[in-house]
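Dropping structure02.pdb in here (PDB, C-alpha atoms):
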ATOM      1  CA  MET A   1      22.085 -12.425  13.612  1.00  0.00           C
ATOM      2  CA  MET A   2      18.740 -10.837  14.323  1.00  0.00           C
ATOM      3  CA  SER A   3      15.428 -12.614  13.986  1.00  0.00           C
ATOM      4  CA  ASP A   4      12.829 -11.534  11.441  1.00  0.00           C
ATOM      5  CA  ALA A   5      10.709 -10.120  14.259  1.00  0.00           C
ATOM      6  CA  GLU A   6      13.625  -8.010  15.504  1.00  0.00           C
ATOM      7  CA  GLN A   7      14.372  -6.785  11.985  1.00  0.00           C
ATOM      8  CA  ASP A   8      10.717  -5.903  11.472  1.00  0.00           C
ATOM      9  CA  GLN A   9      10.647  -4.031  14.779  1.00  0.00           C
ATOM     10  CA  ILE A  10      13.655  -1.895  13.774  1.00  0.00           C
ATOM     11  CA  LEU A  11      11.923  -1.059  10.504  1.00  0.00           C
ATOM     12  CA  GLU A  12       8.701  -0.135  12.323  1.00  0.00           C
ATOM     13  CA  GLN A  13      10.661   2.126  14.694  1.00  0.00           C
ATOM     14  CA  PHE A  14      12.288   3.840  11.723  1.00  0.00           C
ATOM     15  CA  ILE A  15       8.904   4.322  10.020  1.00  0.00           C
ATOM     16  CA  SER A  16       7.432   5.748  13.234  1.00  0.00           C
ATOM     17  CA  LEU A  17      10.313   8.207  13.419  1.00  0.00           C
ATOM     18  CA  ALA A  18       9.789   9.167   9.784  1.00  0.00           C
ATOM     19  CA  LYS A  19       6.072   9.711  10.288  1.00  0.00           C
ATOM     20  CA  ALA A  20       6.902  12.188  13.054  1.00  0.00           C
ATOM     21  CA  ASP A  21       9.722  13.888  11.137  1.00  0.00           C
ATOM     22  CA  GLN A  22       8.652  15.570   7.900  1.00  0.00           C
ATOM     23  CA  SER A  23      12.178  16.219   6.644  1.00  0.00           C
ATOM     24  CA  LEU A  24      13.096  12.558   7.121  1.00  0.00           C
ATOM     25  CA  GLN A  25       9.883  11.536   5.388  1.00  0.00           C
ATOM     26  CA  ASP A  26      10.718  13.805   2.427  1.00  0.00           C
ATOM     27  CA  GLU A  27      14.197  12.294   2.260  1.00  0.00           C
ATOM     28  CA  ILE A  28      12.751   8.781   2.163  1.00  0.00           C
ATOM     29  CA  LYS A  29      10.183   9.707  -0.480  1.00  0.00           C
ATOM     30  CA  ALA A  30      12.966  11.177  -2.622  1.00  0.00           C
ATOM     31  CA  ALA A  31      15.043   7.989  -2.438  1.00  0.00           C
ATOM     32  CA  LEU A  32      15.520   6.395  -5.834  1.00  0.00           C
ATOM     33  CA  ASN A  33      16.053   2.876  -4.586  1.00  0.00           C
ATOM     34  CA  GLN A  34      15.990   0.631  -1.560  1.00  0.00           C
ATOM     35  CA  ASP A  35      19.739   1.025  -0.967  1.00  0.00           C
ATOM     36  CA  GLN A  36      19.265   4.764  -0.507  1.00  0.00           C
ATOM     37  CA  VAL A  37      16.451   4.163   1.984  1.00  0.00           C
ATOM     38  CA  ILE A  38      18.682   1.749   3.915  1.00  0.00           C
ATOM     39  CA  ALA A  39      21.490   4.334   3.868  1.00  0.00           C
ATOM     40  CA  ILE A  40      19.138   7.043   5.181  1.00  0.00           C
ATOM     41  CA  ALA A  41      18.113   4.692   7.993  1.00  0.00           C
ATOM     42  CA  ALA A  42      21.743   3.827   8.750  1.00  0.00           C
ATOM     43  CA  GLU A  43      22.604   7.531   9.099  1.00  0.00           C
ATOM     44  CA  ARG A  44      20.095   7.614  11.940  1.00  0.00           C
ATOM     45  CA  GLY A  45      21.362   4.450  13.566  1.00  0.00           C
ATOM     46  CA  PHE A  46      18.825   1.999  12.171  1.00  0.00           C
ATOM     47  CA  GLN A  47      20.320  -1.110  10.592  1.00  0.00           C
ATOM     48  CA  ILE A  48      17.531  -2.192   8.279  1.00  0.00           C
ATOM     49  CA  ASP A  49      17.453  -5.524   6.517  1.00  0.00           C
ATOM     50  CA  PRO A  50      16.202  -5.433   2.903  1.00  0.00           C
ATOM     51  CA  LEU A  51      14.067  -8.498   3.681  1.00  0.00           C
ATOM     52  CA  ALA A  52      12.273  -6.557   6.411  1.00  0.00           C
ATOM     53  CA  ILE A  53      11.362  -3.956   3.788  1.00  0.00           C
ATOM     54  CA  LEU A  54      10.119  -6.734   1.524  1.00  0.00           C
ATOM     55  CA  ARG A  55       7.990  -8.238   4.321  1.00  0.00           C
ATOM     56  CA  LYS A  56       6.575  -4.813   5.121  1.00  0.00           C
ATOM     57  CA  TRP A  57       5.800  -4.234   1.453  1.00  0.00           C
ATOM     58  CA  SER A  58       3.957  -7.519   1.124  1.00  0.00           C
ATOM     59  CA  LYS A  59       1.429  -6.185   3.666  1.00  0.00           C
ATOM     60  CA  HIS A  60       0.490  -3.376   1.271  1.00  0.00           C
ATOM     61  CA  THR A  61      -1.882  -3.894  -1.609  1.00  0.00           C
ATOM     62  CA  ASP A  62      -0.663  -1.077  -3.855  1.00  0.00           C
ATOM     63  CA  PHE A  63       2.317  -2.588  -5.639  1.00  0.00           C
ATOM     64  CA  SER A  64       2.499   0.241  -8.174  1.00  0.00           C
ATOM     65  CA  LYS A  65       4.487   2.417  -5.783  1.00  0.00           C
ATOM     66  CA  PRO A  66       7.989   1.737  -4.493  1.00  0.00           C
ATOM     67  CA  THR A  67       7.939  -0.098  -1.195  1.00  0.00           C
ATOM     68  CA  TRP A  68       8.727   2.804   1.084  1.00  0.00           C
ATOM     69  CA  LEU A  69       6.081   5.161  -0.363  1.00  0.00           C
ATOM     70  CA  GLY A  70       3.440   2.825   1.031  1.00  0.00           C
ATOM     71  CA  TRP A  71       4.690   3.513   4.561  1.00  0.00           C
ATOM     72  CA  PHE A  72       3.065   6.932   4.634  1.00  0.00           C
ATOM     73  CA  SER A  73      -0.188   6.307   2.829  1.00  0.00           C
ATOM     74  CA  ASP A  74      -2.154   5.077   5.815  1.00  0.00           C
TER      75      ASP A  74
END
Take the structure I supplied and represent it as structure tokens, if you would.
Amino acid sequence: MMSDAEQDQILEQFISLAKADQSLQDEIKAALNQDQVIAIAAERGFQIDPLAILRKWSKHTDFSKPTWLGWFSD
């Protein structure tokens, strides 16, 4: 069982990869739900915990967009 900090770090690594990879970013933005985002991450070897996504989302102020769209706004 991984700690929250470890889970968060995996998510951050995945987001960093996505920011550097436009096709991956497009794939994430096209995801219809969190499960699809997690599946996209898993295809690339990132085991992402839904709670890590929730924690990441809570750091964003714009709650009108799905969680993962906020990853690329900054």
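Rounded to one decimal, CA of Ile53 (chain A) and CA of Gly70 (chain A) lie 10.8 Å from each other.
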Notebook entry, point to check: Which one is closest to Leu17 (chain A): A:Phe72, A:Gln36, A:Ala30, A:Met2? Count all atoms listed in the file.
Noted result: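 Using all atoms listed in the file, Leu17 (chain A) sits closest to A:Phe72.
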Note to self: With distances taken over all atoms listed in the file, which residue among A:Trp57, A:Ile10, A:Gln47, A:Ile40 lies nearest Leu69 (chain A)?
What the structure shows: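 Using all atoms listed in the file, Leu69 (chain A) sits closest to A:Trp57.
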Check: Which residues fall under the PyMOL selection byres ((chain A and resi 24) around 12) in this file, as a count of residues only?
Finding: 23
Notebook entry, point to check: At what distance in Å, to one decimal, does CA of Asn33 (chain A) lie from CA of Met1 (chain A)?
Noted result: 24.5 Å
Next item on the list: Point out the residue among A:Gln34, A:Leu51, A:Trp71, A:Ala39 with the least atom-to-atom distance to Asp4 (chain A), counting all atoms listed in the file.
Entry: A:Leu51
Check: What is the CA of Arg55 (chain A) to CA of Leu32 (chain A) distance in Å?
Finding: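 So the answer is 19.3 Å.
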